[in-house]
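Q: Got a file for you: my_file-v2.cif, mmCIF, C-alpha atoms.
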```cif
data_target
#
loop_
_atom_site.label_atom_id
_atom_site.label_comp_id
_atom_site.auth_asym_id
_atom_site.auth_seq_id
_atom_site.Cartn_x
_atom_site.Cartn_y
_atom_site.Cartn_z
CA MET Q 1 -16.86 29.73 -2.16
CA SER Q 2 -16.47 28.59 -5.78
CA THR Q 3 -16.54 31.16 -8.58
CA ASP Q 4 -16.83 30.77 -12.34
CA LYS Q 5 -13.65 31.52 -14.31
CA GLN Q 6 -12.31 31.04 -17.82
CA ALA Q 7 -10.04 28.05 -18.48
CA GLY Q 8 -7.16 29.85 -20.14
CA ALA Q 9 -6.70 29.11 -23.84
CA THR Q 10 -9.68 26.75 -23.95
CA GLY Q 11 -12.12 29.57 -23.27
CA ARG Q 12 -14.35 27.23 -21.25
CA SER Q 13 -15.71 28.34 -17.91
CA TYR Q 14 -15.07 26.35 -14.77
CA ARG Q 15 -15.73 26.57 -11.06
CA ASP Q 16 -12.64 27.59 -9.16
CA ARG Q 17 -11.63 24.93 -6.60
CA THR Q 18 -8.66 26.76 -5.10
CA GLY Q 19 -10.18 26.97 -1.62
CA ILE Q 20 -11.14 23.30 -1.51
CA LEU Q 21 -7.76 22.14 -2.80
CA ARG Q 22 -5.85 24.26 -0.30
CA GLY Q 23 -8.17 23.07 2.46
CA ILE Q 24 -7.41 19.47 1.51
CA GLY Q 25 -3.72 20.36 1.46
CA GLY Q 26 -3.91 21.72 5.00
CA LEU Q 27 -5.64 18.57 6.22
CA LEU Q 28 -3.02 16.39 4.50
CA ILE Q 29 -0.22 18.34 6.16
CA LEU Q 30 -1.81 17.92 9.60
CA ALA Q 31 -2.42 14.22 8.99
CA GLY Q 32 1.15 13.77 7.76
CA LEU Q 33 2.54 15.42 10.89
CA GLY Q 34 0.30 13.18 13.00
CA PHE Q 35 1.62 10.01 11.37
CA ALA Q 36 5.20 11.28 11.66
CA LEU Q 37 4.67 11.79 15.40
CA LEU Q 38 3.24 8.29 15.78
CA GLY Q 39 6.47 6.73 14.51
CA PRO Q 40 8.59 7.41 17.62
CA VAL Q 41 5.66 6.51 19.88
CA GLU Q 42 5.31 3.12 18.19
CA ILE Q 43 9.06 2.52 18.57
CA TYR Q 44 8.49 2.64 22.32
CA CYS Q 45 6.52 -0.62 21.95
CA PHE Q 46 9.84 -2.41 21.47
CA TYR Q 47 10.66 -1.57 25.09
CA LEU Q 48 7.30 -2.89 26.27
CA PHE Q 49 7.83 -6.30 24.64
CA SER Q 50 11.57 -6.61 25.32
CA GLU Q 51 12.92 -8.33 28.42
CA GLY Q 52 11.79 -6.47 31.51
CA GLY Q 53 8.88 -4.84 29.68
CA ARG Q 54 5.26 -5.15 30.69
CA PHE Q 55 4.31 -7.37 27.73
CA HIS Q 56 7.52 -9.37 27.37
CA TYR Q 57 7.30 -13.07 26.50
CA GLN Q 58 9.88 -15.69 25.72
CA GLY Q 59 11.08 -15.55 22.13
CA PHE Q 60 10.25 -11.91 21.32
CA GLY Q 61 12.81 -10.47 18.96
CA PHE Q 62 13.83 -10.39 15.32
CA GLY Q 63 11.82 -13.09 13.58
CA SER Q 64 8.88 -13.05 15.97
CA LEU Q 65 5.45 -11.96 14.80
CA MET Q 66 5.15 -9.08 17.26
CA PHE Q 67 8.61 -7.74 16.45
CA GLY Q 68 7.75 -7.69 12.75
CA ASN Q 69 4.34 -6.22 13.52
CA ILE Q 70 5.86 -3.28 15.39
CA ALA Q 71 8.60 -2.74 12.79
CA ILE Q 72 6.06 -2.66 9.95
CA GLN Q 73 3.83 -0.22 11.83
CA VAL Q 74 6.77 2.12 12.51
CA ALA Q 75 7.84 2.05 8.85
CA GLY Q 76 4.22 2.52 7.77
CA TYR Q 77 3.73 5.58 9.96
CA TYR Q 78 6.84 7.26 8.59
CA LEU Q 79 6.03 6.34 4.98
CA ILE Q 80 2.42 7.51 5.16
CA GLY Q 81 3.49 10.67 6.96
CA ALA Q 82 6.06 11.53 4.29
CA LEU Q 83 3.60 10.82 1.47
CA LEU Q 84 0.86 12.96 3.05
CA LEU Q 85 3.28 15.83 3.61
CA VAL Q 86 4.38 15.74 -0.05
CA LEU Q 87 0.76 15.63 -1.26
CA GLY Q 88 -0.21 18.39 1.15
CA HIS Q 89 2.58 20.61 -0.18
CA GLY Q 90 1.43 19.96 -3.75
CA HIS Q 91 -2.17 20.87 -2.88
CA LEU Q 92 -1.23 24.05 -1.03
CA ARG Q 93 0.98 25.17 -3.93
CA LEU Q 94 -1.72 24.10 -6.43
CA LYS Q 95 0.66 21.90 -8.43
CA ARG Q 96 -0.68 19.85 -11.32
CA TRP Q 97 1.33 16.81 -10.29
CA ALA Q 98 -0.60 16.68 -6.99
CA ARG Q 99 -3.79 15.80 -8.87
CA LYS Q 100 -2.09 13.13 -10.98
CA LEU Q 101 -0.34 11.53 -8.01
CA THR Q 102 -3.52 11.60 -5.92
CA MET Q 103 -5.55 9.88 -8.64
CA GLY Q 104 -2.85 7.24 -9.04
CA LEU Q 105 -2.78 6.61 -5.30
CA LEU Q 106 -6.57 6.33 -5.11
CA ALA Q 107 -6.59 3.75 -7.92
CA ALA Q 108 -3.70 1.86 -6.29
CA TRP Q 109 -5.65 1.80 -3.03
CA LEU Q 110 -8.60 0.12 -4.76
CA VAL Q 111 -6.24 -2.60 -6.02
CA ALA Q 112 -4.28 -3.23 -2.83
CA GLY Q 113 -6.73 -1.98 -0.21
CA ILE Q 114 -8.49 -5.22 0.75
CA PRO Q 115 -5.41 -7.26 1.75
CA LEU Q 116 -3.81 -4.21 3.38
CA LEU Q 117 -6.91 -3.48 5.45
CA LEU Q 118 -7.12 -7.08 6.60
CA ILE Q 119 -3.44 -7.02 7.58
CA VAL Q 120 -3.92 -3.73 9.45
CA ALA Q 121 -6.95 -5.15 11.25
CA LEU Q 122 -5.01 -8.30 12.21
CA MET Q 123 -2.13 -6.19 13.55
CA LEU Q 124 -4.43 -3.96 15.59
CA PHE Q 125 -6.58 -6.72 17.04
CA SER Q 126 -3.61 -8.96 17.81
CA ALA Q 127 -1.45 -6.26 19.39
CA LYS Q 128 -4.00 -4.18 21.29
CA GLU Q 129 -6.85 -4.96 23.66
CA LEU Q 130 -9.80 -3.09 22.15
CA SER Q 131 -13.27 -2.59 23.59
CA VAL Q 132 -16.39 -3.45 21.60
CA PRO Q 133 -17.19 0.22 20.76
CA ALA Q 134 -13.58 0.85 19.71
CA THR Q 135 -13.66 -2.25 17.50
CA GLY Q 136 -16.87 -1.06 15.86
CA VAL Q 137 -15.41 2.36 15.17
CA ILE Q 138 -12.24 0.87 13.65
CA VAL Q 139 -14.21 -1.49 11.41
CA ALA Q 140 -16.44 1.40 10.26
CA LEU Q 141 -13.45 3.61 9.50
CA LEU Q 142 -11.69 0.84 7.57
CA GLY Q 143 -14.83 0.22 5.50
CA LEU Q 144 -15.29 3.94 4.87
CA SER Q 145 -11.67 4.27 3.75
CA TYR Q 146 -12.15 1.65 1.03
CA PHE Q 147 -15.77 1.66 -0.13
CA VAL Q 148 -16.75 5.35 0.12
CA LEU Q 149 -13.95 7.91 0.29
CA PRO Q 150 -11.85 6.71 -2.70
CA ARG Q 151 -14.83 6.88 -5.04
CA LEU Q 152 -15.89 10.33 -3.87
CA LEU Q 153 -12.35 11.68 -4.12
CA THR Q 154 -11.80 10.13 -7.55
CA ARG Q 155 -14.89 11.90 -8.89
CA PHE Q 156 -13.66 15.18 -7.43
CA TYR Q 157 -10.13 15.00 -8.85
CA ALA Q 158 -11.33 13.73 -12.25
CA SER Q 159 -13.61 16.75 -12.67
CA ALA Q 160 -12.78 19.46 -15.19
CA ASP Q 161 -13.09 22.08 -12.46
CA VAL Q 162 -10.11 20.70 -10.52
CA LYS Q 163 -8.10 20.15 -13.69
CA HIS Q 164 -8.60 23.71 -14.96
CA THR Q 165 -8.06 25.23 -11.51
CA LEU Q 166 -4.63 23.64 -11.24
CA GLU Q 167 -3.72 24.48 -14.84
CA ALA Q 168 -4.56 28.12 -14.15
CA HIS Q 169 -2.08 28.23 -11.24
CA ASP Q 170 0.60 25.89 -12.62
CA SER Q 171 1.39 26.28 -16.32
CA SER Q 172 4.34 23.88 -16.29
CA SER Q 173 3.83 20.20 -17.12
CA GLY Q 174 6.25 17.93 -15.26
CA TRP Q 175 7.29 14.40 -16.16
CA LEU Q 176 4.56 12.94 -13.95
CA GLU Q 177 1.91 14.53 -16.17
CA SER Q 178 3.18 12.51 -19.13
CA VAL Q 179 2.71 9.16 -17.33
CA PRO Q 180 -0.74 7.66 -18.05
CA THR Q 181 -2.76 7.07 -14.88
CA PRO Q 182 -3.09 3.26 -15.36
CA ILE Q 183 0.70 2.95 -15.65
CA LEU Q 184 1.26 5.20 -12.64
CA THR Q 185 -1.16 3.01 -10.69
CA VAL Q 186 0.73 -0.15 -11.68
CA VAL Q 187 4.02 1.42 -10.57
CA LEU Q 188 2.55 2.55 -7.23
CA VAL Q 189 1.13 -0.92 -6.56
CA SER Q 190 4.51 -2.37 -7.53
CA GLY Q 191 6.07 -0.10 -4.92
CA LEU Q 192 3.69 -1.55 -2.31
CA CYS Q 193 4.69 -5.05 -3.43
CA ILE Q 194 8.36 -4.19 -2.94
CA LEU Q 195 7.57 -2.99 0.58
CA GLY Q 196 5.60 -6.18 1.22
CA LEU Q 197 8.53 -8.31 0.08
CA HIS Q 198 10.75 -6.36 2.46
CA ALA Q 199 8.31 -7.16 5.27
CA LEU Q 200 8.67 -10.90 4.61
CA VAL Q 201 12.37 -10.61 5.46
CA LEU Q 202 11.24 -9.96 9.05
CA PHE Q 203 9.37 -13.27 9.08
CA ASN Q 204 12.13 -15.81 8.48
CA GLY Q 205 12.54 -14.66 4.87
CA LEU Q 206 9.47 -16.66 3.83
CA PHE Q 207 9.16 -17.03 0.04
CA PRO Q 208 6.40 -19.04 -1.72
CA ALA Q 209 8.05 -21.06 -4.50
CA PHE Q 210 5.44 -22.93 -6.56
CA GLY Q 211 4.12 -25.25 -3.89
CA THR Q 212 6.79 -25.03 -1.19
CA PHE Q 213 7.93 -22.46 1.35
CA VAL Q 214 11.55 -21.37 1.13
CA SER Q 215 12.85 -19.60 4.25
CA GLY Q 216 16.03 -18.48 5.97
CA LEU Q 217 18.93 -17.05 3.98
CA GLU Q 218 17.80 -18.80 0.78
CA GLY Q 219 14.36 -17.24 1.09
CA ILE Q 220 15.83 -13.78 1.72
CA CYS Q 221 17.98 -14.09 -1.43
CA LEU Q 222 14.88 -14.97 -3.47
CA LEU Q 223 13.01 -12.01 -1.96
CA ASP Q 224 15.95 -9.76 -2.79
CA ALA Q 225 15.96 -10.91 -6.42
CA ALA Q 226 12.18 -10.42 -6.66
CA MET Q 227 12.48 -6.87 -5.29
CA MET Q 228 15.28 -5.89 -7.67
CA CYS Q 229 13.42 -7.27 -10.70
CA LEU Q 230 10.26 -5.39 -9.78
CA ALA Q 231 12.17 -2.14 -9.24
CA LEU Q 232 13.76 -2.48 -12.69
CA LEU Q 233 10.39 -3.22 -14.31
CA SER Q 234 8.81 -0.21 -12.59
CA TRP Q 235 11.55 2.04 -13.97
CA GLY Q 236 10.89 0.68 -17.46
CA LEU Q 237 7.14 1.21 -17.13
CA LEU Q 238 7.59 4.87 -16.20
CA ARG Q 239 9.70 5.26 -19.35
CA LEU Q 240 6.99 3.49 -21.40
CA ARG Q 241 9.28 0.66 -22.48
CA SER Q 242 7.51 -2.26 -24.13
CA TRP Q 243 9.87 -4.83 -22.56
CA ALA Q 244 8.86 -3.55 -19.13
CA TRP Q 245 5.17 -4.16 -19.87
CA TRP Q 246 5.75 -7.74 -21.01
CA GLY Q 247 8.16 -8.32 -18.15
CA SER Q 248 5.65 -6.99 -15.61
CA LEU Q 249 2.93 -9.21 -17.02
CA LEU Q 250 5.14 -12.30 -16.74
CA TYR Q 251 6.40 -11.21 -13.31
CA PHE Q 252 2.98 -10.87 -11.70
CA VAL Q 253 1.64 -14.02 -13.35
CA ALA Q 254 4.66 -15.98 -12.07
CA LEU Q 255 4.89 -14.51 -8.56
CA GLY Q 256 1.11 -14.43 -8.11
CA SER Q 257 0.53 -17.99 -9.27
CA SER Q 258 3.50 -19.17 -7.18
CA SER Q 259 1.98 -17.56 -4.08
CA VAL Q 260 -1.55 -18.83 -4.73
CA ILE Q 261 -0.40 -22.40 -5.47
CA THR Q 262 1.85 -22.52 -2.40
CA LEU Q 263 -0.76 -21.13 -0.02
CA ALA Q 264 -3.54 -23.32 -1.43
CA ARG Q 265 -1.46 -26.49 -0.96
CA HIS Q 266 -0.63 -25.85 2.68
CA ASN Q 267 -2.67 -25.39 5.82
CA THR Q 268 -2.11 -22.88 8.60
CA LYS Q 269 0.04 -25.31 10.58
CA ASP Q 270 2.48 -25.65 7.66
CA LEU Q 271 2.70 -21.87 7.33
CA LEU Q 272 3.35 -21.38 11.04
CA PHE Q 273 6.04 -24.07 10.96
CA ALA Q 274 7.79 -22.28 8.08
CA LEU Q 275 7.63 -18.97 9.95
CA ASN Q 276 9.43 -20.54 12.93
CA LEU Q 277 7.66 -18.31 15.46
CA PRO Q 278 8.04 -18.44 19.27
CA ALA Q 279 5.85 -20.87 21.20
CA ARG Q 280 3.68 -18.11 22.67
CA GLU Q 281 2.81 -16.78 19.21
CA LEU Q 282 2.24 -20.27 17.79
CA GLU Q 283 -0.24 -20.91 20.59
CA PHE Q 284 -2.12 -17.71 19.79
CA LEU Q 285 -2.11 -18.09 16.00
CA GLY Q 286 -3.01 -21.78 16.17
CA GLY Q 287 -6.53 -20.80 17.18
CA LEU Q 288 -7.18 -18.64 14.13
CA LYS Q 289 -9.79 -20.07 11.76
CA VAL Q 290 -7.84 -19.27 8.60
CA SER Q 291 -6.91 -21.85 5.98
CA GLY Q 292 -4.42 -21.77 3.16
CA MET Q 293 -7.27 -21.35 0.68
CA HIS Q 294 -8.36 -18.17 2.46
CA LEU Q 295 -4.85 -16.74 2.17
CA ALA Q 296 -4.65 -17.83 -1.47
CA GLY Q 297 -7.86 -15.93 -2.20
CA LEU Q 298 -6.45 -12.89 -0.42
CA VAL Q 299 -3.54 -12.92 -2.87
CA ALA Q 300 -5.63 -13.78 -5.95
CA ILE Q 301 -8.00 -10.79 -5.67
CA PRO Q 302 -5.39 -7.99 -5.96
CA LEU Q 303 -3.42 -10.12 -8.45
CA LEU Q 304 -6.37 -10.22 -10.86
CA ALA Q 305 -6.91 -6.49 -10.39
CA MET Q 306 -3.24 -5.85 -11.13
CA LEU Q 307 -3.34 -7.94 -14.30
CA GLY Q 308 -6.45 -6.06 -15.37
CA LEU Q 309 -4.61 -2.76 -14.94
CA LEU Q 310 -1.70 -4.04 -17.01
CA VAL Q 311 -4.01 -5.14 -19.82
CA ARG Q 312 -5.75 -1.77 -19.71
CA SER Q 313 -2.43 0.07 -20.00
CA ARG Q 314 -1.24 -1.99 -22.99
CA ARG Q 315 -2.36 0.66 -25.53
CA HIS Q 316 0.17 3.13 -24.13
CA PHE Q 317 3.04 0.87 -25.23
CA GLU Q 318 1.92 0.34 -28.81
#
```
Do you think you could lay out the structure here as structure tokens?
A:
Amino acid sequence: MSTDKQAGATGRSYRDRTGILRGIGGLLILAGLGFALLGPVEIYCFYLFSEGGRFHYQGFGFGSLMFGNIAIQVAGYYLIGALLLVLGHGHLRLKRWARKLTMGLLAAWLVAGIPLLLIVALMLFSAKELSVPATGVIVALLGLSYFVLPRLLTRFYASADVKHTLEAHDSSSGWLESVPTPILTVVLVSGLCILGLHALVLFNGLFPAFGTFVSGLEGICLLDAAMMCLALLSWGLLRLRSWAWWGSLLYFVALGSSSVITLARHNTKDLLFALNLPARELEFLGGLKVSGMHLAGLVAIPLLAMLGLLVRSRRHFE
């Protein structure tokens, strides 16, 4: 139950949220352990699709859609598990950085959530045979995770009650506290972009280069350069360097426009040809009613949101 307390030197009263924060921390720890346990289970899917497995088909292996699908899910389970465990620890210990990191992650989710949810849905529905009720539940949960929960949680963490509760238990201000939330959000989304570029290495190293698809070793080299540049820019943003802000603006305009132009100029058949997938997967994906314009729009939406965040954070570099 919440109680009224004094907010230290400010003298203002606030409602203590210790119980709620520690309860959230416990749930995050349990969820993190659950995701960590799913990692090894998902690895077993490699056996199912490999030669001799129940779902094996000709061409499964590195470079196939299903191989990349499983690899991304395994990496995702471990990454989400580790992140939830860290956040859970911060909530249980009532650390101020837990609030800042959570708010940054919630804002990053609003930027990158739509394409990620669509990718997750495609992976689930393409890899697993789901019943109608199960499909309805998954769709409802995905919608709830984007349209409802982030907004409710943002209001909670932005409240003065949570801020003063954490300040009462943690008097130290770490480096994360000095990073403005818009900049932290940009860096977190940049981290997701780096992971996404890594994922493309699994799919023939596909790189969209202003109207044409570059693949193979040349595409992987371009992806590598893009990842290194973005990592350097993210480091500069955290240190509030002006060159990093201008560089990030140019980077996302260039990479985003290159992706949108390339996808808009090609149809699904061109994309599948560049991916060089096995015949079984080409047969399945050939029936999808998705055009290059649809994929271009999927890239354009988070790109515009990202540019908006960068513009909003400009005042912190002046």
Q: If we count only C-alpha atoms and set the cut-off at 10 Å, which residues sit around Q:Leu298, ignoring sequence neighbours fewer than 3 positions away in its own chain? Please answer as a CSV table (one decimal) with C-alpha atoms, in the frame of the given file.
A:
```
chain,number,residue,atom,x,y,z
Q,114,ILE,CA,-8.5,-5.2,0.8
Q,115,PRO,CA,-5.4,-7.3,1.8
Q,116,LEU,CA,-3.8,-4.2,3.4
Q,118,LEU,CA,-7.1,-7.1,6.6
Q,260,VAL,CA,-1.6,-18.8,-4.7
Q,292,GLY,CA,-4.4,-21.8,3.2
Q,293,MET,CA,-7.3,-21.4,0.7
Q,294,HIS,CA,-8.4,-18.2,2.5
Q,295,LEU,CA,-4.8,-16.7,2.2
Q,301,ILE,CA,-8.0,-10.8,-5.7
Q,302,PRO,CA,-5.4,-8.0,-6.0
Q,303,LEU,CA,-3.4,-10.1,-8.4
```
Q: Tell me which residues the PyMOL selection byres ((chain Q and resi 205) around 9) grabs here, as a PyMOL selection string.
A: chain Q and resi 63+197-204+206-207+214-223+275
Q: Take the selection from the previous step and output its residues with C-alpha atoms, as a PDB file, in the coordinates of the input.
A:
```pdb
ATOM      1  CA  GLY Q  63      11.820 -13.090  13.580  1.00  0.00           C
ATOM      2  CA  LEU Q 197       8.530  -8.310   0.080  1.00  0.00           C
ATOM      3  CA  HIS Q 198      10.750  -6.360   2.460  1.00  0.00           C
ATOM      4  CA  ALA Q 199       8.310  -7.160   5.270  1.00  0.00           C
ATOM      5  CA  LEU Q 200       8.670 -10.900   4.610  1.00  0.00           C
ATOM      6  CA  VAL Q 201      12.370 -10.610   5.460  1.00  0.00           C
ATOM      7  CA  LEU Q 202      11.240  -9.960   9.050  1.00  0.00           C
ATOM      8  CA  PHE Q 203       9.370 -13.270   9.080  1.00  0.00           C
ATOM      9  CA  ASN Q 204      12.130 -15.810   8.480  1.00  0.00           C
ATOM     10  CA  LEU Q 206       9.470 -16.660   3.830  1.00  0.00           C
ATOM     11  CA  PHE Q 207       9.160 -17.030   0.040  1.00  0.00           C
ATOM     12  CA  VAL Q 214      11.550 -21.370   1.130  1.00  0.00           C
ATOM     13  CA  SER Q 215      12.850 -19.600   4.250  1.00  0.00           C
ATOM     14  CA  GLY Q 216      16.030 -18.480   5.970  1.00  0.00           C
ATOM     15  CA  LEU Q 217      18.930 -17.050   3.980  1.00  0.00           C
ATOM     16  CA  GLU Q 218      17.800 -18.800   0.780  1.00  0.00           C
ATOM     17  CA  GLY Q 219      14.360 -17.240   1.090  1.00  0.00           C
ATOM     18  CA  ILE Q 220      15.830 -13.780   1.720  1.00  0.00           C
ATOM     19  CA  CYS Q 221      17.980 -14.090  -1.430  1.00  0.00           C
ATOM     20  CA  LEU Q 222      14.880 -14.970  -3.470  1.00  0.00           C
ATOM     21  CA  LEU Q 223      13.010 -12.010  -1.960  1.00  0.00           C
ATOM     22  CA  LEU Q 275       7.630 -18.970   9.950  1.00  0.00           C
TER      23      LEU Q 275
END
```
Q: Just to confirm, what's the straight-line distance from atom CA of Q:Leu85 to atom CA of Q:Gly32 in Å (one decimal)?
A: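 Taking atom CA of Q:Leu85 and atom CA of Q:Gly32, their separation equals 5.1 Å.
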Q: Between atom CA of Q:Ala112 and atom CA of Q:Phe210, what is the spacing in Å?
A: 22.3 Å
Q: Need the neighbours of (7.7, 7.3, 14.7): which residues are at most 12 Å away, counting only C-alpha atoms, as a count of residues only?
A: 27
